[in-house]
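K.L.:
Input: one structure, supplied below.
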Amino acid sequence: MEWITKNLPYLMAGISVGGQYALIAIGYTMVYGILRLINFAHGDIFMVAGLIMVYAVTAMPMPLAMLLVVVATVALGFLVERAAYKPLRSAPRMSVMISAIGVSYLLQNLALYITGGLSQQYPAIPWLSDTVTILGATTKRVTLVTPVLTIILVIVLGLLVKYTKVGMAMRAASRDFETSQLMGIKINSVISMTFIIGSFLAAVGSMLYFTNYTGVTPTAGAMPGLKAFVAAVFGGIGSIPGAVIGAFIIGICENIIKGVGWTTFSDAFTFALLIVILIAKPTGLFGEKAVDKV
Amino acid sequence: MSKENVLKVENVTMQFGGVIAVDNLNLEVNKGEIISLIGPNGAGKTTAFNVITGVYAPTNGAVYYKGKKIIENHPQGKMKKLYRGENPVMYTGHKALAPTPDKITALGIARTFQNIRLFKSQTVFENILIAKHLRRTSNVFTATFRLNAKEEARMREEAEELLKIVDLTDVRDELATSLPYGKQRHLEIARALATQPELLLLDEPAAGMNPQETLELTEFIGRIRDEFGLTIFMIEHHMDLVMEISDRIYVLDFGKSIAEGNSEEIRSNPRVIEAYLGGAQDE
Amino acid sequence: MKKQTKTILNVGLIAALLLLLFILEQIIPSSSMLFMVLKKGAIYALVAVSMNLLNGFTGLFSLGQAGFMLLGAYTYAILTIPVESRDSVYQYFDGGIIQFSIPVPLALIAGGIVAAVFAFLIGLPVLRLKSDYLAIATLGFAEIIRAVFQWDKLGPLTNGSNLLRNFPTFQSVLYPFIVAGICIGLIVLLINSTYGRAFKAIRDDEIAAEAMGINLAHHKQLAFVISSFFAGISGGLLAMYQTTIQASMFKSAMTYEILLIVVIGGIGSVTGSCIGSFLFIACSEWWLRFLDNSNLYIGDFHLSFMRPGFRKVVFSLMIMAIVLFYRKGLMGDREFSVEGVRRFFQKRFKKKQAVEGGSSHE
């Protein structure tokens with residue numbers, strides 16, 4: 001019993017962080033699936049979502065602020081794609097990736113300018129930030145809500161991808177970009193939709209994630225972003241369930257490592273895991289193999 | 001045959017997942033010969049080339065070069081269950097031998113590609129010069145500090161020679177990809193020659209050429225064979241070229257070798273005619 | 001132009017540049033922003049060229065540069081802190097375990113070697129990966145290195161997450177110019193050698209390169225190790241420039257900056273990387289500084305949007321403009337040369353003449 005009380009918080013935190021990573025990771029994995037692009041700016045969009053909340057609550061009631069966060073983040077994701085990636089559609093893949101790094105640099109500097117470089121206090125979202133006690137361990141309610149909400153959202157997304165027209169178009173585009181274009185799929189709207197979904201989930205993720213932390217800084221999105229990407233690779237990039245499972249595994253492992261007192265290495269662990277996967281099974285848990293033709 | 005054997009492909013099967021691209025292929029190429037590999041599209045000709053040059057490790061079988069085994073494999077792991085080719089047991093117990101393509105080239109087997117693969121940001125001259133890198137004696141230090149000046153000069157001289165042979169000296173400083181198609185094919189052959197091969201594999205050297213260019217190419221291939229003492233093994237669709245130049249011809253259909261012989265024999269072989277005219281519908 | 005005249009011209013140009021720097025140092029106070037930009041610019045030029053060797057010339061998209069700079073900087077600092085000040089620097093670790101120091105040039109080279117050895121070990125597994133997977137794996141390794149160097153248990157060697165300081169630094173702007181210049185010169189020699197040609201072949205078409213007998217694993221490893229060696233040396237120089245170092249400085253943001261320098265200068269152009277580096281540093285640290293001034297007025301109108309941080313926003317917008325609209329960067333994959341400038345003007349001049357000549361006939 002004592003062992004449980006001692007270790008449960010870490011496990012719960014792990015599951016919760018895992019859920020938050022999962023929401024970000026889906027954005028990475030869907031974009032990569034279609035564009036073969038590591039969207040380096042995705043983590044920063046997540047950070048901007050956090051900042052929007054900080055400033056929104058000073059001007060309006062909480063529910064309205066939450067709505068604004070979602071709408072504004074989705075708009076930002078859409079705009080970034082249109083402004084920075086769409087013009088490079090026919091350019092080499094590396095150019096698009098460099099553009100993504102450029103957007104990340106821009107968003108971070110913009111955040112630096114607006115915040116003046118100070119960490120901004122994240123507002124307490126009522127109900128979510130309330131404290132609850134289970135099995136003798138105290139935690140915020142968000143810890144319990146996150147995994148449930150994540151799984152619900154993933155199921156909804158799964159149904160969307162499987163049964164709607166736009167979902168089918170997405171699957172077709174990720175299988176073969178050019179052919180799907182020839183088959184009359186409006187590739188640009190499919191890509192926009194992908195970014196909208198990714199940003200929506202990142203916005204939801206940001207509300208859950210930052211509730212657990214005291215503040216938002218301009219670089220707050222970089223680490224969770226990279227970790228979510230690792231989760232996506234772990235699960236097999238392009239696969240939504242893969243990304244979710246990868247994210248939970250990474251979240252839990254990371255918190256267990258913190259629990260044993262190796263906090264310095266909790267970030268390093270994620271990358272070590274990444275490298276091991278890339279070497280042992282580059283396609284991840286659920287990925288498919290691509291063959292180069294000679 | 002009294003001639004020295006240069007290339008021997010023994011029971012080679014190449015299976016991708018459930019698809020068999022090359023099925024139990026056996027063939028021999030002797031020194032000084034020009035041998036053609038023909039067959040309908042998708043018969044597995046290029047796959048056979050890719051196995052010989054080390055791009056793919058075969059699923060089963062072995063390849064010998066001048067009597068020495070250079071490639072060998074047998075179904076292992078998942079393939080053990082999946083394997084549907086012939087003679088799977090023949091090579092078990094042997095260690096797999098799968099050298100990378102550069103090792104094969106170093107042995108003296110050079111190739112060209114069906115879909116031309118020149119170094120696109122390099123000039124015509126540099127494309128040939130790059131292939132001279134293989135036979136270097138310098139290491140990275142001597143090369144950086146220019147202690148290999150003599151060798152460098154020799155490389156450049158030899159590359160110029162090859163340019164003359166393919167008659168591209170006047171465009172030597174132009175981007176390789178800016179050349180007309182036929183010249184790009186010639187450049188690819190010159191580049192392969194720069195690695196100083198004994199066996200040259202040509203993958204559809206006349207693809208996209210008009211009859212006049214094909215005629216010139218026929219003459220050219222014969223000429224380099226004599227001049228460099230080469231053995232040539234090629235895939236080709238232009239029957240005029242094939243019939244004119246080949247000492248022997250192998251015919252591949254659905255991954256299987258269906259006929260072998262000189263041009264007369266192949267021309268009159270009913271199985272070959274059937275393969276080309278689609279006799280499968282008869283059944 | 002003949003090869004010999006070209007060499008003489010280049011040597012003359014370099015001598016003139018060094019002389020100019022020397023004179024500038026005599027007449028302008030050393031606290032001027034100019035020198036700061038020149039020093040940092042030279043160091044970043046070296047690391048940008050080393051990154052270009054990989055990304056631009058060999059086609060290996062690696063994002064590990066900050067990690068290799070960290071290794072070089074730490075090696076340099078650890079080996080050169082004078083024995084008498086080790087007690088104060090390593091105050092939490094009883095003066096550290098290393099109780100000797102070696103001369104500065106040796107320590108810089110040692111920094112390069114340590115980075116190269118790490119690169120060799122890292123390269124064995126990761127260089128098999130393709131494009132963006134390689135990028136993310138090398139980025140991951142840089143992050144791991146950073147975490148390891150902050151680890152308390154390694155404190156006696158690395159001073160944990162505390163500052164390293166009191167190591168020898170440089171005063172004159174000539175120092176980083178000469179060291180970086182020699183290193184860049186070596187890289188250029190390498191690029192123009194038979195090995196450099198092999199690297200470019202791999203960049204253009206791996207399959208064809210391999211079919212021409214170029215051993216991919218060997219040559220990629222070579223480019224990776226050499227690039228990291230020079231990144232290590234530039235890390236040592238950066239330590240000298242900053243006077244203190246800390247593992248937390250070498251974040252992935254640093255690699256991104258270097259990558260942007262390479263992109264601005266032109267992927268595959270050495271001179272482009274050098275020019276890009278000075279422009280980047282000058283813009284981000286100096287020329288755009290006025291944008292951070294919060295007391296600017298146009299007439300009575302207070303430009304209230306101008307305050308600290310605005311400079312960086314404008315700067316990143318400029319970079320985005322380059323990435324989107326001038327994808328080839330300043331130089332593309334060409335090199336800056338006297339010959340090139342001469343031809344450029346000749347062409348312009350001739351065109352003008354032709355136009356004038358043409359109009360006179362009318």
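Letters A, B, ... mark the chains of the structure tokens in the order given; residue numbers begin at 1 per chain; ligand numbers begin at 1, in order shown.
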Please identify every residue of chain A that has at least one atom no more than 6 Å from any atom of chain C, counting only C-alpha atoms, and report them as a list in words.
P.N.:
Gly102, Leu106, Asn109, Leu110, Tyr113, Ala268, Phe271 and Ile275 of chain A
K.L.:
Can you list, as a PyMOL selection string, every protein, DNA or RNA residue that comes within 9 Å of Ser266 in chain A when you count only C-alpha atoms, leaving out same-chain residues fewer than 2 positions away?
P.N.:
(chain A and resi 253-258+262-264+268-270) or (chain C and resi 147)
K.L.:
May I have the selected residues written with N, CA and C atoms, as an mmCIF file, in the first residue's frame?
P.N.:
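Saved result, result.cif, follows:
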data_model
loop_
_atom_site.group_PDB
_atom_site.id
_atom_site.type_symbol
_atom_site.label_atom_id
_atom_site.label_comp_id
_atom_site.auth_asym_id
_atom_site.auth_seq_id
_atom_site.Cartn_x
_atom_site.Cartn_y
_atom_site.Cartn_z
ATOM 1 N N CYS A 253 7.343 6.308 -19.095
ATOM 2 C CA CYS A 253 8.771 6.045 -18.863
ATOM 3 C C CYS A 253 9.458 7.268 -18.267
ATOM 4 N N GLU A 254 9.156 8.414 -18.869
ATOM 5 C CA GLU A 254 9.789 9.653 -18.440
ATOM 6 C C GLU A 254 9.523 9.928 -16.964
ATOM 7 N N ASN A 255 8.271 9.723 -16.540
ATOM 8 C CA ASN A 255 7.932 10.015 -15.154
ATOM 9 C C ASN A 255 8.471 8.974 -14.202
ATOM 10 N N ILE A 256 8.600 7.739 -14.670
ATOM 11 C CA ILE A 256 9.219 6.720 -13.816
ATOM 12 C C ILE A 256 10.687 7.086 -13.598
ATOM 13 N N ILE A 257 11.343 7.567 -14.653
ATOM 14 C CA ILE A 257 12.740 7.966 -14.533
ATOM 15 C C ILE A 257 12.881 9.129 -13.549
ATOM 16 N N LYS A 258 11.936 10.054 -13.606
ATOM 17 C CA LYS A 258 11.946 11.148 -12.628
ATOM 18 C C LYS A 258 11.746 10.587 -11.222
ATOM 19 N N TRP A 262 16.374 10.349 -11.507
ATOM 20 C CA TRP A 262 17.295 10.628 -12.623
ATOM 21 C C TRP A 262 16.746 11.763 -13.499
ATOM 22 N N THR A 263 16.223 12.778 -12.846
ATOM 23 C CA THR A 263 15.532 13.840 -13.573
ATOM 24 C C THR A 263 16.354 14.414 -14.729
ATOM 25 N N THR A 264 17.685 14.532 -14.515
ATOM 26 C CA THR A 264 18.548 15.091 -15.564
ATOM 27 C C THR A 264 18.387 14.343 -16.876
ATOM 28 N N ALA A 268 16.820 13.169 -21.989
ATOM 29 C CA ALA A 268 17.798 12.379 -22.745
ATOM 30 C C ALA A 268 17.249 10.990 -23.036
ATOM 31 N N PHE A 269 16.482 10.452 -22.075
ATOM 32 C CA PHE A 269 15.928 9.114 -22.267
ATOM 33 C C PHE A 269 15.078 9.052 -23.532
ATOM 34 N N THR A 270 14.240 10.089 -23.699
ATOM 35 C CA THR A 270 13.343 10.098 -24.855
ATOM 36 C C THR A 270 14.132 9.977 -26.141
ATOM 37 N N ALA C 147 22.509 16.807 -21.880
ATOM 38 C CA ALA C 147 22.029 16.310 -20.586
ATOM 39 C C ALA C 147 23.167 15.664 -19.807
#
K.L.:
Give me the residues near range 191-204 of chain B as number ranges by chain, where near means some atom within 9 Å (using only C-alpha atoms) and where sequence neighbours in that chain fewer than 5 positions away do not count.
P.N.:
B: 6-7, 31-32, 45-46, 49, 53, 105-115, 118, 127-135, 158-159, 162, 186, 228-238; C: 211-213
K.L.:
So that I have them on file, write out the residues from the current selection with C-alpha atoms, as a compact mmCIF listing (two decimals), in the first residue's frame.
P.N.:
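Written output follows (out22.txt):
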# COMPACT_ATOMS: atom_id res chain seq x y z
CA VAL B 6 33.42 -14.37 -66.28
CA LEU B 7 29.97 -14.34 -64.77
CA LYS B 31 35.17 -13.63 -71.50
CA GLY B 32 34.90 -11.33 -74.50
CA LYS B 45 15.59 -8.34 -66.18
CA THR B 46 16.56 -5.24 -64.20
CA PHE B 49 20.99 -6.87 -62.81
CA THR B 53 25.46 -5.65 -58.81
CA THR B 105 32.22 -2.45 -58.76
CA ALA B 106 35.64 -2.70 -57.18
CA LEU B 107 35.85 -6.31 -58.35
CA GLY B 108 35.47 -5.12 -61.94
CA ILE B 109 31.76 -5.16 -62.69
CA ALA B 110 30.37 -1.77 -63.75
CA ARG B 111 26.85 -0.88 -64.83
CA THR B 112 24.59 1.74 -66.34
CA PHE B 113 21.00 2.41 -65.38
CA GLN B 114 17.73 2.04 -67.22
CA ASN B 115 16.53 5.45 -66.02
CA LEU B 118 24.03 10.89 -63.81
CA ASN B 127 30.86 12.79 -63.85
CA ILE B 128 33.65 10.71 -65.31
CA LEU B 129 36.24 12.00 -62.87
CA ILE B 130 34.11 10.93 -59.90
CA ALA B 131 34.19 7.34 -61.12
CA LYS B 132 37.99 7.53 -61.08
CA HIS B 133 37.80 7.85 -57.28
CA LEU B 134 37.44 4.09 -56.97
CA ARG B 135 40.97 3.19 -58.11
CA GLU B 158 42.29 9.26 -68.12
CA ALA B 159 38.96 11.01 -67.77
CA LEU B 162 37.30 8.62 -72.01
CA HIS B 186 27.00 7.55 -73.85
CA PHE B 228 38.99 -2.30 -73.47
CA GLY B 229 38.94 -6.10 -73.64
CA LEU B 230 35.47 -6.09 -72.10
CA THR B 231 32.80 -8.65 -71.59
CA ILE B 232 29.36 -7.13 -72.06
CA PHE B 233 26.05 -8.24 -70.61
CA MET B 234 23.10 -6.11 -71.56
CA ILE B 235 19.36 -5.76 -71.30
CA GLU B 236 17.83 -4.43 -74.48
CA HIS B 237 14.51 -4.11 -76.29
CA HIS B 238 15.75 -2.98 -79.71
CA ALA C 211 27.51 1.78 -58.39
CA MET C 212 30.61 3.82 -59.27
CA GLY C 213 32.43 2.14 -56.41
K.L.:
Residues of chain C near chain B: apply a cut-off of 12 Å, count only C-alpha atoms, and supply the list as a ChimeraX atom specification.
P.N.:
/C:56-57,183,185-219,222-223,225-226,268,333-334
K.L.:
Go through B:Ala48, B:Ala62, B:Val171, B:Ile35 and flag the residue nearest chain A, using only C-alpha atoms for the distances.
P.N.:
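Among the listed residues, the smallest separation from chain A belongs to B:Ala48.
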K.L.:
Would you kindly return, as an NGL selection string, each protein, DNA or RNA residue with an atom no farther than 12 Å from any atom of Ser30 in chain C, considering only C-alpha atoms and excluding same-chain residues fewer than 4 positions away?
P.N.:
:C and (21-26 or 34-39 or 171-173)
K.L.:
Near Val251 in chain B, within 7 Å and counting only C-alpha atoms, which residues show up once chain neighbours fewer than 3 positions away are dropped, as a VMD selection string?
P.N.:
chain B and resid 37 to 39 257 to 260
K.L.:
If you keep C-alpha atoms, can you produce a file of those selected residues as a PDB file, in the first residue's frame?
P.N.:
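See part01.pdb below for the written result:
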ATOM      1  CA  LEU B  37      19.069 -10.500 -71.747  1.00  0.00           C
ATOM      2  CA  ILE B  38      15.699  -9.907 -73.336  1.00  0.00           C
ATOM      3  CA  GLY B  39      12.102 -10.395 -72.335  1.00  0.00           C
ATOM      4  CA  SER B 257      14.615 -18.161 -68.157  1.00  0.00           C
ATOM      5  CA  ILE B 258      12.672 -19.632 -71.099  1.00  0.00           C
ATOM      6  CA  ALA B 259      15.297 -19.803 -73.816  1.00  0.00           C
ATOM      7  CA  GLU B 260      18.992 -19.461 -74.551  1.00  0.00           C
TER       8      GLU B 260
END
K.L.:
Please measure the separation of CA of Gly329 in chain C and CA of Ile261 in chain C, giving the value in Å to one decimal.
P.N.:
9.4 Å
K.L.:
Residues at most 8 Å from range 21-30 of chain B, counting only C-alpha atoms, excluding those fewer than 3 positions away in the same chain, as an MDAnalysis selection string?
P.N.:
chainID B and resid 3:16 33 35 43:45 47:48 61 85:87 231 233 250 254:257
K.L.:
Please produce a file of the residues just selected, as a compact mmCIF listing (two decimals), in the first residue's frame, where the atoms kept are N, CA and C atoms.
P.N.:
# COMPACT_ATOMS: atom_id res chain seq x y z
N LYS B 3 36.23 -21.29 -73.34
CA LYS B 3 36.44 -19.90 -72.94
C LYS B 3 36.39 -19.74 -71.42
N GLU B 4 37.05 -18.70 -70.96
CA GLU B 4 37.07 -18.42 -69.53
C GLU B 4 35.72 -17.83 -69.10
N ASN B 5 35.20 -18.40 -68.01
CA ASN B 5 33.91 -17.97 -67.50
C ASN B 5 34.06 -16.69 -66.66
N VAL B 6 33.31 -15.62 -67.02
CA VAL B 6 33.42 -14.37 -66.28
C VAL B 6 32.31 -14.24 -65.24
N LEU B 7 31.09 -14.48 -65.69
CA LEU B 7 29.97 -14.34 -64.77
C LEU B 7 29.12 -15.61 -64.80
N LYS B 8 28.77 -16.07 -63.62
CA LYS B 8 27.87 -17.22 -63.55
C LYS B 8 26.80 -16.93 -62.51
N VAL B 9 25.56 -17.01 -62.94
CA VAL B 9 24.43 -16.82 -62.03
C VAL B 9 23.83 -18.19 -61.80
N GLU B 10 23.73 -18.58 -60.54
CA GLU B 10 23.34 -19.96 -60.23
C GLU B 10 22.07 -19.99 -59.37
N ASN B 11 21.01 -20.54 -59.92
CA ASN B 11 19.74 -20.74 -59.19
C ASN B 11 19.25 -19.49 -58.46
N VAL B 12 19.43 -18.32 -59.05
CA VAL B 12 19.07 -17.10 -58.33
C VAL B 12 17.56 -16.85 -58.36
N THR B 13 17.01 -16.68 -57.17
CA THR B 13 15.61 -16.33 -57.02
C THR B 13 15.52 -15.04 -56.22
N MET B 14 14.70 -14.12 -56.67
CA MET B 14 14.50 -12.88 -55.94
C MET B 14 13.01 -12.75 -55.68
N GLN B 15 12.67 -12.80 -54.41
CA GLN B 15 11.26 -12.73 -54.04
C GLN B 15 11.02 -11.53 -53.14
N PHE B 16 10.10 -10.65 -53.54
CA PHE B 16 9.72 -9.50 -52.71
C PHE B 16 8.38 -9.82 -52.06
N GLU B 33 32.60 -12.05 -74.59
CA GLU B 33 31.29 -12.19 -75.22
C GLU B 33 30.45 -10.93 -75.06
N ILE B 35 26.56 -10.60 -74.42
CA ILE B 35 25.38 -11.41 -74.13
C ILE B 35 24.20 -10.47 -73.88
N ALA B 43 9.63 -8.66 -66.79
CA ALA B 43 10.06 -10.05 -66.76
C ALA B 43 11.11 -10.30 -65.67
N GLY B 44 11.66 -9.21 -65.09
CA GLY B 44 12.64 -9.38 -64.03
C GLY B 44 14.07 -9.15 -64.49
N LYS B 45 14.24 -8.53 -65.65
CA LYS B 45 15.59 -8.34 -66.18
C LYS B 45 16.41 -7.38 -65.31
N THR B 47 15.81 -6.53 -62.28
CA THR B 47 16.00 -7.14 -60.96
C THR B 47 17.21 -8.06 -60.98
N ALA B 48 17.36 -8.82 -62.06
CA ALA B 48 18.52 -9.70 -62.18
C ALA B 48 19.82 -8.88 -62.13
N GLY B 61 20.22 -18.46 -53.95
CA GLY B 61 21.12 -18.62 -55.08
C GLY B 61 22.47 -17.96 -54.89
N GLY B 85 10.15 -20.32 -54.33
CA GLY B 85 11.01 -20.65 -55.47
C GLY B 85 11.52 -22.08 -55.42
N GLU B 86 12.45 -22.39 -56.29
CA GLU B 86 12.99 -23.74 -56.33
C GLU B 86 14.32 -23.83 -55.56
N ASN B 87 14.76 -25.06 -55.36
CA ASN B 87 16.07 -25.33 -54.75
C ASN B 87 16.39 -24.58 -53.47
N THR B 231 33.89 -7.71 -71.40
CA THR B 231 32.80 -8.65 -71.59
C THR B 231 31.54 -7.84 -71.34
N PHE B 233 27.32 -7.57 -70.90
CA PHE B 233 26.05 -8.24 -70.61
C PHE B 233 25.01 -7.15 -70.60
N TYR B 250 19.76 -14.57 -73.78
CA TYR B 250 18.90 -15.24 -72.80
C TYR B 250 17.54 -14.56 -72.82
N PHE B 254 8.30 -13.74 -66.98
CA PHE B 254 7.79 -13.93 -65.62
C PHE B 254 8.87 -14.44 -64.67
N GLY B 255 10.06 -13.88 -64.79
CA GLY B 255 11.13 -14.22 -63.86
C GLY B 255 11.88 -15.49 -64.22
N LYS B 256 11.35 -16.26 -65.18
CA LYS B 256 11.99 -17.53 -65.51
C LYS B 256 12.75 -17.42 -66.84
N SER B 257 13.88 -18.11 -66.91
CA SER B 257 14.62 -18.16 -68.16
C SER B 257 13.92 -19.17 -69.07
K.L.:
Please give the complete set of residues from range 249-346 of chain C that DSSP, run on the backbone, assigns to strand (DSSP E or B), formatted as number ranges by chain.
P.N.:
C: 297-298, 301-302
K.L.:
Mind checking which residues fall within 10 Å of Met33 in chain C, counting only C-alpha atoms, ignoring those fewer than 6 positions away in the same chain, and posting them as a CSV table (one decimal) with N, CA and C atoms, in the first residue's frame?
P.N.:
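The result, written out as part-v4.csv:
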chain,number,residue,atom,x,y,z
C,39,LYS,N,34.2,38.9,-34.6
C,39,LYS,CA,34.7,37.8,-33.8
C,39,LYS,C,33.7,36.6,-33.9
C,282,ALA,N,25.6,40.2,-37.8
C,282,ALA,CA,25.5,41.6,-37.8
C,282,ALA,C,24.0,42.1,-37.7
C,285,GLU,N,22.6,41.0,-34.1
C,285,GLU,CA,23.2,41.6,-32.9
C,285,GLU,C,23.4,43.1,-33.0
C,286,TRP,N,23.5,43.6,-34.2
C,286,TRP,CA,24.0,45.0,-34.3
C,286,TRP,C,23.1,45.9,-35.1
C,287,TRP,N,22.9,45.6,-36.4
C,287,TRP,CA,22.3,46.6,-37.3
C,287,TRP,C,20.8,46.8,-37.0
K.L.:
Rank B:Val51, B:Ala275, B:Met209, B:Leu168 by their smallest atom-to-atom distance to chain A, using only C-alpha atoms, and report the top residue only.
P.N.:
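Looking only at the distances to chain A, the closest residue turns out to be B:Val51.
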